[in-house]
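Undergrad: Input upload.txt, format and content: compact mmCIF, C-alpha atoms.
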```
# COMPACT_ATOMS: atom_id res chain seq x y z
CA ALA A 1 -5.17 -14.04 -32.16
CA ALA A 2 -4.26 -15.53 -35.52
CA PHE A 3 -4.12 -13.40 -38.66
CA ALA A 4 -6.25 -14.97 -41.40
CA THR A 5 -4.82 -15.10 -44.91
CA ASP A 6 -6.94 -15.44 -48.04
CA ASP A 7 -4.35 -14.71 -50.68
CA TRP A 8 -2.87 -15.83 -53.98
CA HIS A 9 0.77 -16.70 -54.66
CA ASN A 10 2.98 -18.67 -57.01
CA ALA A 11 4.92 -21.76 -55.98
CA TYR A 12 8.02 -19.66 -55.27
CA GLN A 13 6.21 -17.02 -53.21
CA LEU A 14 7.81 -14.34 -55.38
CA ALA A 15 6.53 -11.31 -57.25
CA THR A 16 5.32 -11.96 -60.80
CA SER A 17 8.07 -12.17 -63.41
CA ASP A 18 7.73 -10.44 -66.78
CA ASP A 19 9.96 -13.14 -68.27
CA HIS A 20 7.17 -15.73 -68.21
CA PRO A 21 3.45 -15.80 -69.14
CA ALA A 22 0.71 -15.82 -66.51
CA ASP A 23 0.10 -19.57 -66.78
CA HIS A 24 3.79 -20.44 -66.33
CA VAL A 25 4.55 -22.14 -63.01
CA ARG A 26 6.81 -19.21 -62.09
CA ASN A 27 3.78 -16.90 -62.14
CA LYS A 28 0.66 -19.07 -61.77
CA GLN A 29 -1.37 -17.76 -58.85
CA MET A 30 -2.78 -20.33 -56.41
CA ARG A 31 -5.06 -19.65 -53.47
CA THR A 32 -4.06 -20.18 -49.84
CA LEU A 33 -6.40 -19.85 -46.85
CA VAL A 34 -4.76 -20.19 -43.44
CA ALA A 35 -4.58 -18.29 -40.16
CA SER A 36 -1.29 -17.95 -38.31
CA THR A 37 -0.24 -16.73 -34.89
CA ALA A 38 3.13 -15.00 -35.23
CA PHE A 39 6.20 -15.64 -33.09
CA ASP A 40 5.89 -12.32 -31.27
CA GLU A 41 2.27 -13.15 -30.37
CA LEU A 42 3.16 -16.48 -28.72
CA ASP A 43 3.61 -16.46 -24.95
CA PRO A 44 7.37 -16.88 -24.25
CA SER A 45 6.54 -18.96 -21.19
CA ARG A 46 4.51 -21.54 -23.14
CA ALA A 47 5.71 -24.70 -24.83
CA ILE A 48 6.06 -23.53 -28.47
CA ARG A 49 8.43 -20.65 -27.70
CA ARG A 50 10.27 -22.63 -25.03
CA LEU A 51 10.86 -25.58 -27.37
CA TYR A 52 12.18 -23.33 -30.14
CA ALA A 53 14.62 -21.72 -27.69
CA ARG A 54 16.04 -25.04 -26.47
CA ASP A 55 19.54 -25.78 -27.73
CA GLU A 56 18.72 -29.50 -27.58
CA PHE A 57 15.95 -28.96 -30.14
CA LEU A 58 18.28 -27.03 -32.45
CA GLU A 59 20.94 -29.76 -32.13
CA LEU A 60 18.36 -32.43 -32.97
CA VAL A 61 17.41 -30.65 -36.19
CA ARG A 62 21.08 -30.15 -37.06
CA ALA A 63 21.81 -33.83 -36.48
CA VAL A 64 18.86 -35.08 -38.54
CA THR A 65 19.64 -32.75 -41.46
CA ASN A 66 23.44 -32.99 -41.09
CA THR A 67 23.50 -29.21 -41.57
CA THR A 68 24.70 -26.28 -39.51
CA LEU A 69 21.48 -24.42 -38.95
CA HIS A 70 20.41 -21.36 -36.99
CA ARG A 71 17.14 -20.17 -35.52
CA LEU A 72 15.52 -17.39 -37.52
CA ALA A 73 15.76 -13.79 -36.36
CA ASP A 74 12.31 -13.18 -37.84
CA PRO A 75 10.07 -11.61 -35.17
CA LEU A 76 7.02 -13.07 -36.94
CA GLY A 77 8.04 -16.25 -38.74
CA ALA A 78 10.69 -17.86 -36.54
CA ALA A 79 8.02 -20.08 -35.01
CA SER A 80 4.27 -19.85 -35.40
CA VAL A 81 1.02 -21.76 -35.05
CA ASN A 82 -1.04 -22.32 -38.19
CA VAL A 83 -4.80 -22.80 -38.08
CA PHE A 84 -6.80 -24.41 -40.89
CA ARG A 85 -10.61 -24.37 -40.86
CA ASP A 86 -13.23 -25.99 -43.12
CA GLY A 87 -12.28 -25.63 -46.78
CA TRP A 88 -8.94 -23.98 -46.08
CA GLU A 89 -5.68 -25.13 -47.66
CA HIS A 90 -2.11 -24.07 -48.32
CA ALA A 91 -1.31 -24.27 -52.04
CA TRP A 92 1.85 -25.85 -53.45
CA HIS A 93 4.93 -23.81 -52.57
CA TYR A 94 8.58 -23.69 -51.55
CA ASP A 95 9.63 -22.05 -48.27
CA GLU A 96 12.09 -19.18 -47.91
CA SER A 97 13.95 -20.87 -45.03
CA GLU A 98 15.94 -24.03 -45.73
CA VAL A 99 14.51 -26.29 -43.04
CA THR A 100 11.08 -26.33 -41.45
CA VAL A 101 9.94 -28.44 -38.52
CA THR A 102 6.25 -29.00 -37.84
CA LEU A 103 4.58 -30.36 -34.73
CA SER A 104 1.04 -31.62 -35.17
CA LEU A 105 -1.34 -30.26 -32.53
CA GLN A 106 -4.75 -31.27 -33.92
CA THR A 107 -5.68 -33.44 -36.89
CA ALA A 108 -8.48 -32.43 -39.24
CA GLU A 109 -11.62 -34.57 -39.47
CA SER A 110 -10.53 -35.34 -43.02
CA GLY A 111 -8.21 -33.86 -45.61
CA GLY A 112 -5.49 -31.54 -44.38
CA ARG A 113 -2.81 -33.88 -45.68
CA PHE A 114 0.74 -32.61 -45.68
CA GLU A 115 1.88 -33.60 -49.17
CA PHE A 116 5.44 -33.23 -50.37
CA THR A 117 7.93 -34.27 -53.02
CA GLU A 118 11.52 -35.35 -52.76
CA ARG A 119 14.04 -32.59 -53.33
CA LEU A 120 13.30 -30.97 -56.71
CA ARG A 121 15.61 -27.93 -56.60
CA ALA A 122 19.37 -28.48 -56.65
CA ASP A 123 20.10 -25.03 -55.20
CA ALA A 124 18.68 -21.51 -54.90
CA GLY A 125 19.38 -20.82 -58.58
CA ASP A 126 17.47 -23.89 -59.74
CA ALA A 127 13.74 -23.22 -60.08
CA ALA A 128 12.98 -26.77 -61.29
CA PHE A 129 10.21 -25.39 -63.49
CA ASP A 130 9.43 -28.64 -65.34
CA ALA A 131 9.17 -30.83 -62.23
CA THR A 132 7.28 -28.18 -60.26
CA ALA A 133 4.77 -27.64 -63.07
CA ALA A 134 4.24 -31.40 -63.40
CA VAL A 135 3.38 -31.75 -59.70
CA VAL A 136 1.06 -28.74 -59.60
CA SER A 137 -0.80 -29.83 -62.74
CA ALA A 138 -1.17 -33.45 -61.60
CA HIS A 139 -2.06 -32.78 -57.97
CA SER A 140 -4.24 -29.67 -57.95
CA ALA A 141 -6.96 -27.91 -59.90
CA TYR A 142 -4.42 -25.63 -61.58
CA ASP A 143 -3.05 -26.22 -65.08
CA VAL A 144 0.37 -24.69 -65.44
CA ALA A 145 3.12 -24.50 -68.02
CA PRO A 146 5.52 -25.87 -69.05
CA ALA A 147 3.61 -29.12 -69.50
CA GLY A 148 4.71 -32.62 -70.45
CA ARG A 149 8.44 -32.02 -70.30
CA THR A 150 9.18 -34.45 -67.50
CA GLU A 151 7.68 -37.37 -65.64
CA THR A 152 5.66 -36.23 -62.64
CA PRO A 153 7.70 -36.60 -59.44
CA ALA A 154 6.22 -38.76 -56.72
CA VAL A 155 4.09 -37.06 -54.08
CA ARG A 156 3.93 -38.48 -50.56
CA ALA A 157 1.77 -37.67 -47.54
CA ALA A 158 3.36 -37.43 -44.11
CA PRO A 159 1.72 -38.84 -40.95
CA PHE A 160 -0.05 -36.12 -39.00
CA GLU A 161 -1.27 -37.61 -35.75
CA PRO A 162 -1.09 -35.19 -32.78
CA GLY A 163 2.48 -35.06 -31.51
CA ALA A 164 4.02 -36.06 -34.86
CA LEU A 165 7.22 -34.10 -35.53
CA GLN A 166 8.22 -33.53 -39.17
CA ILE A 167 11.59 -32.20 -40.32
CA PHE A 168 11.77 -31.27 -44.00
CA ALA A 169 13.75 -29.15 -46.44
CA GLY A 170 10.93 -26.83 -47.48
CA LYS A 171 13.11 -24.58 -49.64
CA TRP A 172 14.00 -27.46 -51.95
CA SER A 173 10.97 -29.79 -51.74
CA LEU A 174 7.59 -28.71 -53.08
CA HIS A 175 4.80 -29.13 -50.51
CA ARG A 176 1.23 -28.19 -49.63
CA VAL A 177 -1.62 -28.78 -47.18
CA SER A 178 -4.63 -30.26 -48.97
CA PRO A 179 -8.16 -28.87 -48.35
CA VAL A 180 -9.26 -29.34 -44.75
CA ARG A 181 -12.51 -30.56 -43.24
CA GLY A 182 -12.79 -29.64 -39.58
CA LEU A 183 -9.97 -27.95 -37.67
CA ARG A 184 -6.24 -28.53 -38.19
CA LEU A 185 -3.60 -27.01 -35.88
CA VAL A 186 0.15 -27.18 -36.40
CA ALA A 187 3.17 -25.51 -34.82
CA VAL A 188 5.85 -24.45 -37.32
CA PHE A 189 9.53 -23.93 -36.47
CA CYS A 190 11.92 -22.51 -39.09
CA PHE A 191 15.70 -22.75 -39.42
CA SER A 192 18.27 -21.36 -41.85
CA ARG A 193 21.91 -21.92 -42.77
CA ALA A 194 22.45 -18.17 -42.55
CA PRO A 195 22.37 -16.60 -39.09
CA GLY A 196 20.00 -13.67 -38.71
CA PHE A 197 17.64 -14.79 -41.51
CA VAL A 198 14.31 -12.93 -41.75
CA ASN A 199 11.48 -13.74 -44.15
CA SER A 200 10.80 -11.24 -46.92
CA PRO A 201 8.32 -8.42 -46.21
CA ASP A 202 5.94 -9.89 -48.82
CA VAL A 203 5.83 -13.25 -47.04
CA GLN A 204 5.45 -11.58 -43.65
CA ARG A 205 2.51 -9.52 -44.88
CA MET A 206 0.87 -12.54 -46.51
CA PHE A 207 0.90 -14.72 -43.41
CA TRP A 208 0.91 -12.25 -40.50
CA GLY A 209 -0.58 -9.09 -41.99
CA ARG A 210 2.45 -6.89 -41.31
CA ALA A 211 6.15 -6.58 -42.04
CA VAL A 212 8.60 -6.34 -39.15
CA GLY A 213 12.38 -6.09 -39.42
CA VAL A 214 15.01 -6.90 -36.81
CA GLY A 215 16.14 -4.43 -34.19
```
Give the structure from this file in structure tokens form.
TA:
Amino acid sequence: AAFATDDWHNAYQLATSDDHPADHVRNKQMRTLVASTAFDELDPSRAIRRLYARDEFLELVRAVTNTTLHRLADPLGAASVNVFRDGWEHAWHYDESEVTVTLSLQTAESGGRFEFTERLRADAGDAAFDATAAVVSAHSAYDVAPAGRTETPAVRAAPFEPGALQIFAGKWSLHRVSPVRGLRLVAVFCFSRAPGFVNSPDVQRMFWGRAVGVG
């Protein structure tokens, strides 16, 4: 069974900062509606878990990204299956893991576009507030600050036919799933430069309804 999320978060999926006002992109709350089946709920004998465990798959992602990556140790978020129903969407955000791979399982009747920017953040210390705010303001119903400080970065939509495999740097590139009509299913595989990486408890609770450590 998939845990259904109807929650609000900022683009960085972080707790609110007292250093910025509520309408600043660092704090602006955006709504996400998605259901997700966690890694520990997926049958180890079925394709999603088996693919994630294959060394050939890991080596493919390493080769494409030219990065030494590791599978996550996260019992919930290492790999998962996301479900989007009518009217659901995943608001603009950055991921906690460096690289995410998605495998399209079912395309929505309409909408459900995976939209993304080129890399906006130079590193973990770079929040790219101006560029992030420009994208959110131009490509959603949310008006965020700071406004008008930079040209809006280009936003692209990736192909999402069933079987399409996407490899992207979700920690550095802003992305979202636009509102869905129908049913959209996608498998999500996460990788990190650091071995043993686990998503934060806040992110675990948001997407899987519980926080689980390692061990």
Undergrad: Neighbouring residues of A:Ala1 were defined as those with any atom within 12 Å, considering all atoms listed in the file; residues of the same chain fewer than 5 positions away were excluded. Please report them as number ranges by chain.
TA: A: 35-43, 80-83, 208-209
Undergrad: Write to file, as a PDB file, in the coordinates of the input, the residues of the selection just made, with C-alpha atoms.
TA:
```pdb
ATOM      1  CA  ALA A  35      -4.580 -18.290 -40.160  1.00  0.00           C
ATOM      2  CA  SER A  36      -1.290 -17.950 -38.310  1.00  0.00           C
ATOM      3  CA  THR A  37      -0.240 -16.730 -34.890  1.00  0.00           C
ATOM      4  CA  ALA A  38       3.130 -15.000 -35.230  1.00  0.00           C
ATOM      5  CA  PHE A  39       6.200 -15.640 -33.090  1.00  0.00           C
ATOM      6  CA  ASP A  40       5.890 -12.320 -31.270  1.00  0.00           C
ATOM      7  CA  GLU A  41       2.270 -13.150 -30.370  1.00  0.00           C
ATOM      8  CA  LEU A  42       3.160 -16.480 -28.720  1.00  0.00           C
ATOM      9  CA  ASP A  43       3.610 -16.460 -24.950  1.00  0.00           C
ATOM     10  CA  SER A  80       4.270 -19.850 -35.400  1.00  0.00           C
ATOM     11  CA  VAL A  81       1.020 -21.760 -35.050  1.00  0.00           C
ATOM     12  CA  ASN A  82      -1.040 -22.320 -38.190  1.00  0.00           C
ATOM     13  CA  VAL A  83      -4.800 -22.800 -38.080  1.00  0.00           C
ATOM     14  CA  TRP A 208       0.910 -12.250 -40.500  1.00  0.00           C
ATOM     15  CA  GLY A 209      -0.580  -9.090 -41.990  1.00  0.00           C
TER      16      GLY A 209
END
```
Undergrad: Within 7 Å of A:Phe197, counting all atoms listed in the file, which residues qualify if same-chain residues fewer than 2 places away don't, as a list of chain:residue names?
TA: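 The filter keeps A:Leu72, A:Ala73, A:Asp74, A:Ser192, A:Ala194, A:Pro195, A:Asn199.
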Undergrad: A:Arg26, A:Arg210, A:Arg113, A:Arg176: which is nearest A:Ala157, counting all atoms listed in the file?
TA: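 With all atoms listed in the file as the atom set, the closest residue is A:Arg113.
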Undergrad: Interatomic distance between atom CA of A:His24 and atom CA of A:Val144?
TA: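 Separating atom CA of A:His24 from atom CA of A:Val144 is a distance of 5.5 Å.
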Undergrad: Rank nothing, just name the residue among A:Val99, A:Ala147, A:Val188, A:Ala124 nearest to A:Leu51, using all atoms listed in the file.
TA: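 Among A:Val99, A:Ala147, A:Val188, A:Ala124, it is A:Val188 that comes nearest to A:Leu51.
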Undergrad: Identify, on the basis of all atoms listed in the file, every residue whose closest approach to A:Pro179 does not exceed 9 Å; exclude the query and any residue fewer than 2 positions from it along the same chain; express the result as a PyMOL selection string.
TA: chain A and resi 84+86-90+110-113+177+181
Undergrad: Which one is closest to A:Thr132: A:Val198, A:Leu76, A:Val25, A:Leu69? Count only C-alpha atoms.
TA: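 Answer, going by the shortest atom-to-atom distance: A:Val25.
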Undergrad: Select, from A:Arg49, A:Arg205, A:His139, A:Lys171, the residue with the minimum atom-to-atom distance to A:Ala122, counting all atoms listed in the file.
TA: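 Ranking A:Arg49, A:Arg205, A:His139, A:Lys171 by distance to A:Ala122, first place goes to A:Lys171.
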Undergrad: Which residues, written as number ranges by chain, have at least one atom at most 9 Å from A:Arg31, with all atoms listed in the file counted and residues fewer than 3 positions away on the same chain left out?
TA: A: 6-10, 89-91
Undergrad: Provide the atom CA of A:Arg50 to atom CA of A:Tyr94 distance in Å, to one decimal place.
TA: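 These atoms are spaced 26.6 Å apart.
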Undergrad: Calculate how many Å separate atom CA of A:Glu151 from atom CA of A:Lys28, rounding to one decimal.
TA: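 Interatomic distance here is 20.0 Å.
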Undergrad: Using all atoms listed in the file, can you tell me which of A:Tyr142, A:Phe189, A:Phe160, A:Tyr12 comes closest to A:Asp126?
TA: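 Of all the options, A:Tyr12 lies closest to A:Asp126.
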Undergrad: Here is a test: counting only C-alpha atoms, which residue of A:Ala131, A:Glu115, A:Ala138, A:Ala108 is nearest to A:Glu161?
TA: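 Nearest candidate to A:Glu161 out of A:Ala131, A:Glu115, A:Ala138, A:Ala108: A:Ala108.
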Undergrad: Box for stretch 181-198 of chain A - axis-aligned, 8 Å on each of the six sides, all listed atoms - centre and size in Å to one decimal, as lines of an AutoDock Vina configuration file.
TA:
```
center_x = 4.8
center_y = -21.7
center_z = -39.0
size_x = 51.2
size_y = 33.6
size_z = 24.4
```
Undergrad: For A:Pro201, please output as a list in words all residues within 12 Å (counting all atoms listed in the file; exclusion window: fewer than 5 positions along the same chain).
TA: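 So, after excluding close chain neighbours, the residues are Gln13, Leu14, Ala15, Asp74, Pro75, Leu76, Gly77, Glu96, Met206, Phe207, Trp208, Gly209, Arg210, Ala211, Val212, Gly213 and Val214 of chain A.
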